[in-house]
Amino acid sequence: MNRKEFLRNGFIATGAIATGSVLNAAAKDQSATQSAYAGKTFNLDYAPHQGMFQNHAGKDFLDQIKFMHDQGFRSIEDNGYLNRSIEEQTKIGELLAKLGMRMGVFVVDGGDNWKTSLSTGKKEFKDKFVETCKRSAEAAKRCNAKWLTVVPGFYERRLPWGNQFANIIDAMRAGAEIFEPHGLIMVLETLSDTPELFLQQTHETYAVCKAVNSPSCKILYDIYHMQKTEGQLIVNIDRCWDEIAYIQIGDNPGRNEPTTGEINYKNLFKHIYNKGYKGIMGMEHGNSIKGKEGETRLIQAYREVDNFLEK
């Protein structure tokens, strides 16, 4: 081996050792963080969803809920809960009650959320929405749910905006009439997925809620979506605070856990905490890293951004 090869191989070996040391140190740091906080609750009530910790807990959702509880989480979300069997719904509700955990949102989904529907004012869409609300109210009893996500659907381009707005309000009032006697709150989600959606910015949803004028019709403020469509997160949260009943999380770009994108979540969480928010913070995002490592990193990320009370 000549001198040049010897030096090159030496550098490679040294680099490999250094890289390995860094990775091992990072893994130990994550493990230590997870161990130190295991079982300790958070300052805000973050709610994971199915699949977020399946590499640690396995495929069974009930086992995943138990793992979430062990890590300090005290709520869950389950968007597809309404379409589960009554047996599944009941088991989830019983486990949450046993663990002292809360149920976050599930979606009021009768199949018309992602198309032109309620904005048209057509009776067929309103009737289906009302029927889905009734079914949702019954499902909510099985898990002691309080909040339910509603997506009013797409624009009807053949109608003036004012007529569409009136049609949405009419449908939301019908939904609120069903939920009010049960103490349930439908939270209207403002989204960024497509420009066809009727509700895309917080001020629009705020106007709908004010017009419906019901304690059962409020705003679901999804931080990820609102960073994309309007920005000024704290400003817009403050402007619409009296109608916000539920909050969801996701960093941008990528829609993964906090610390992976551009949003200053530690500062944002502190602001929400200081406003006295006691509701659920739905973790409606993916994991930036696959496998157990990614799940451990996700927990560590929430410990980091939830540490906003330290001076």
# chains A, B, ... in the order shown; residues from 1 in each chain; ligands from 1

$ residues_around --residues "stretch 168-177 of chain A" --least-positions-apart "5" --cutoff "12 Å" --atoms "only C-alpha atoms" --output "ChimeraX atom specification"
/A:108,116-137,147-156,161-163,182-188,198-199,204-218

$ residues_around --residues "A:Ala301" --least-positions-apart "4" --cutoff "9 Å" --atoms "only C-alpha atoms" --output "JSON, numbers by chain"
{"A": [257, 258, 259, 260, 296, 297, 305, 306]}

$ atom_distance --atom1 "atom CA of A:Gln300" --atom2 "atom CA of A:Ser192"
27.8 Å

$ residues_around --residues "stretch 100-102 of chain A" --least-positions-apart "6" --cutoff "10 Å" --atoms "only C-alpha atoms" --output "list in words"
Asp45, Ala47, Ile65, Met68, His69, Phe73, Arg74, Ser75, Ile76, Glu77, Gly93, Glu94, Cys143, Asn144, Ala145, Lys146, Gly279 and Ile280 of chain A

$ closest_residue --among "A:Gly39, A:Gly286, A:Gly110, A:Gly58" --to "A:Gly254" --atoms "only C-alpha atoms"
A:Gly286

$ atom_distance --atom1 "atom CA of A:Glu243" --atom2 "atom CA of A:Ile219"
5.7 Å

$ select_by_dssp --residues "stretch 128-196 of chain A" --states "helix (DSSP H, G or I)" --output "MDAnalysis selection string"
chainID A and resid 128:141 161:182

$ write_last_selection --atoms "C-alpha atoms" --output "PDB file, in the first residue's frame"
ATOM      1  CA  LYS A 128     -77.185  13.270   3.647  1.00  0.00           C
ATOM      2  CA  PHE A 129     -75.192  15.674   5.820  1.00  0.00           C
ATOM      3  CA  VAL A 130     -77.948  15.739   8.452  1.00  0.00           C
ATOM      4  CA  GLU A 131     -78.139  11.953   8.468  1.00  0.00           C
ATOM      5  CA  THR A 132     -74.344  11.704   8.860  1.00  0.00           C
ATOM      6  CA  CYS A 133     -74.481  14.183  11.755  1.00  0.00           C
ATOM      7  CA  LYS A 134     -77.071  12.005  13.494  1.00  0.00           C
ATOM      8  CA  ARG A 135     -74.922   8.912  13.000  1.00  0.00           C
ATOM      9  CA  SER A 136     -71.875  10.825  14.274  1.00  0.00           C
ATOM     10  CA  ALA A 137     -73.699  11.912  17.424  1.00  0.00           C
ATOM     11  CA  GLU A 138     -74.430   8.273  18.236  1.00  0.00           C
ATOM     12  CA  ALA A 139     -70.842   7.212  17.528  1.00  0.00           C
ATOM     13  CA  ALA A 140     -69.513  10.017  19.735  1.00  0.00           C
ATOM     14  CA  LYS A 141     -71.312   8.531  22.745  1.00  0.00           C
ATOM     15  CA  TRP A 161     -70.442  33.364  -3.783  1.00  0.00           C
ATOM     16  CA  GLY A 162     -73.155  34.893  -1.580  1.00  0.00           C
ATOM     17  CA  ASN A 163     -75.644  32.177  -2.467  1.00  0.00           C
ATOM     18  CA  GLN A 164     -73.061  29.493  -1.725  1.00  0.00           C
ATOM     19  CA  PHE A 165     -72.246  31.132   1.594  1.00  0.00           C
ATOM     20  CA  ALA A 166     -75.940  31.132   2.512  1.00  0.00           C
ATOM     21  CA  ASN A 167     -76.267  27.469   1.546  1.00  0.00           C
ATOM     22  CA  ILE A 168     -73.291  26.511   3.736  1.00  0.00           C
ATOM     23  CA  ILE A 169     -74.734  28.446   6.683  1.00  0.00           C
ATOM     24  CA  ASP A 170     -78.101  26.741   6.237  1.00  0.00           C
ATOM     25  CA  ALA A 171     -76.454  23.294   6.317  1.00  0.00           C
ATOM     26  CA  MET A 172     -74.252  24.143   9.308  1.00  0.00           C
ATOM     27  CA  ARG A 173     -77.277  25.369  11.271  1.00  0.00           C
ATOM     28  CA  ALA A 174     -78.976  22.045  10.580  1.00  0.00           C
ATOM     29  CA  GLY A 175     -75.891  20.217  11.856  1.00  0.00           C
ATOM     30  CA  ALA A 176     -75.648  22.414  14.937  1.00  0.00           C
ATOM     31  CA  GLU A 177     -79.264  21.664  15.819  1.00  0.00           C
ATOM     32  CA  ILE A 178     -78.381  17.970  15.953  1.00  0.00           C
ATOM     33  CA  PHE A 179     -75.176  18.396  17.975  1.00  0.00           C
ATOM     34  CA  GLU A 180     -76.277  21.024  20.511  1.00  0.00           C
ATOM     35  CA  PRO A 181     -78.484  18.730  22.653  1.00  0.00           C
ATOM     36  CA  HIS A 182     -75.541  16.320  22.985  1.00  0.00           C
TER      37      HIS A 182
END

$ residues_around --residues "A:Gln248" --least-positions-apart "5" --cutoff "8 Å" --atoms "only C-alpha atoms" --output "list in words"
Leu220, Tyr221, Asp222, Ile223, Tyr224, Met281, Gly282, Met283 and Glu284 of chain A

$ atom_distance --atom1 "atom CA of A:Asp63" --atom2 "atom CA of A:Asp251"
26.7 Å

$ closest_residue --among "A:Leu96, A:Arg158, A:Leu197, A:Asn264" --to "A:Asp112" --atoms "only C-alpha atoms"
A:Leu197

$ select_by_dssp --residues "stretch 47-218 of chain A" --states "strand (DSSP E)" --output "list in words"
Ala47, Ser75, Ile76, Arg102, Met103, Phe106, Val107, Trp147, Leu148, Thr149, Val150, Ile185, Met186, Val187, Leu188, Glu189, Cys217 and Lys218 of chain A

$ write_last_selection --atoms "C-alpha atoms" --output "short mmCIF file (atom, residue, chain, number, x, y, z; two decimals), in the first residue's frame"
data_model
loop_
_atom_site.label_atom_id
_atom_site.label_comp_id
_atom_site.auth_asym_id
_atom_site.auth_seq_id
_atom_site.Cartn_x
_atom_site.Cartn_y
_atom_site.Cartn_z
CA ALA A 47 -53.14 13.71 20.33
CA SER A 75 -55.59 12.11 23.93
CA ILE A 76 -55.90 10.52 20.50
CA ARG A 102 -59.69 11.98 25.69
CA MET A 103 -60.96 11.40 22.18
CA PHE A 106 -63.24 12.22 14.05
CA VAL A 107 -64.61 13.23 10.66
CA TRP A 147 -65.39 17.54 18.73
CA LEU A 148 -66.22 16.40 15.20
CA THR A 149 -64.56 17.59 11.99
CA VAL A 150 -66.78 18.99 9.25
CA ILE A 185 -69.04 20.71 18.71
CA MET A 186 -68.57 20.41 14.98
CA VAL A 187 -65.32 22.12 14.07
CA LEU A 188 -65.13 23.41 10.50
CA GLU A 189 -61.76 22.67 8.97
CA CYS A 217 -70.26 25.33 15.27
CA LYS A 218 -66.65 26.42 15.72
#

$ closest_residue --among "A:Lys292, A:Gly72, A:Leu62, A:Leu191" --to "A:Thr90" --atoms "only C-alpha atoms"
A:Leu62

$ closest_residue --among "A:Ile234, A:Ile244, A:Met52, A:Leu99" --to "A:Glu293" --atoms "only C-alpha atoms"
A:Met52

$ closest_residue --among "A:Gly111, A:Gly104, A:Pro253, A:Gly231" --to "A:Pro48" --atoms "only C-alpha atoms"
A:Gly104
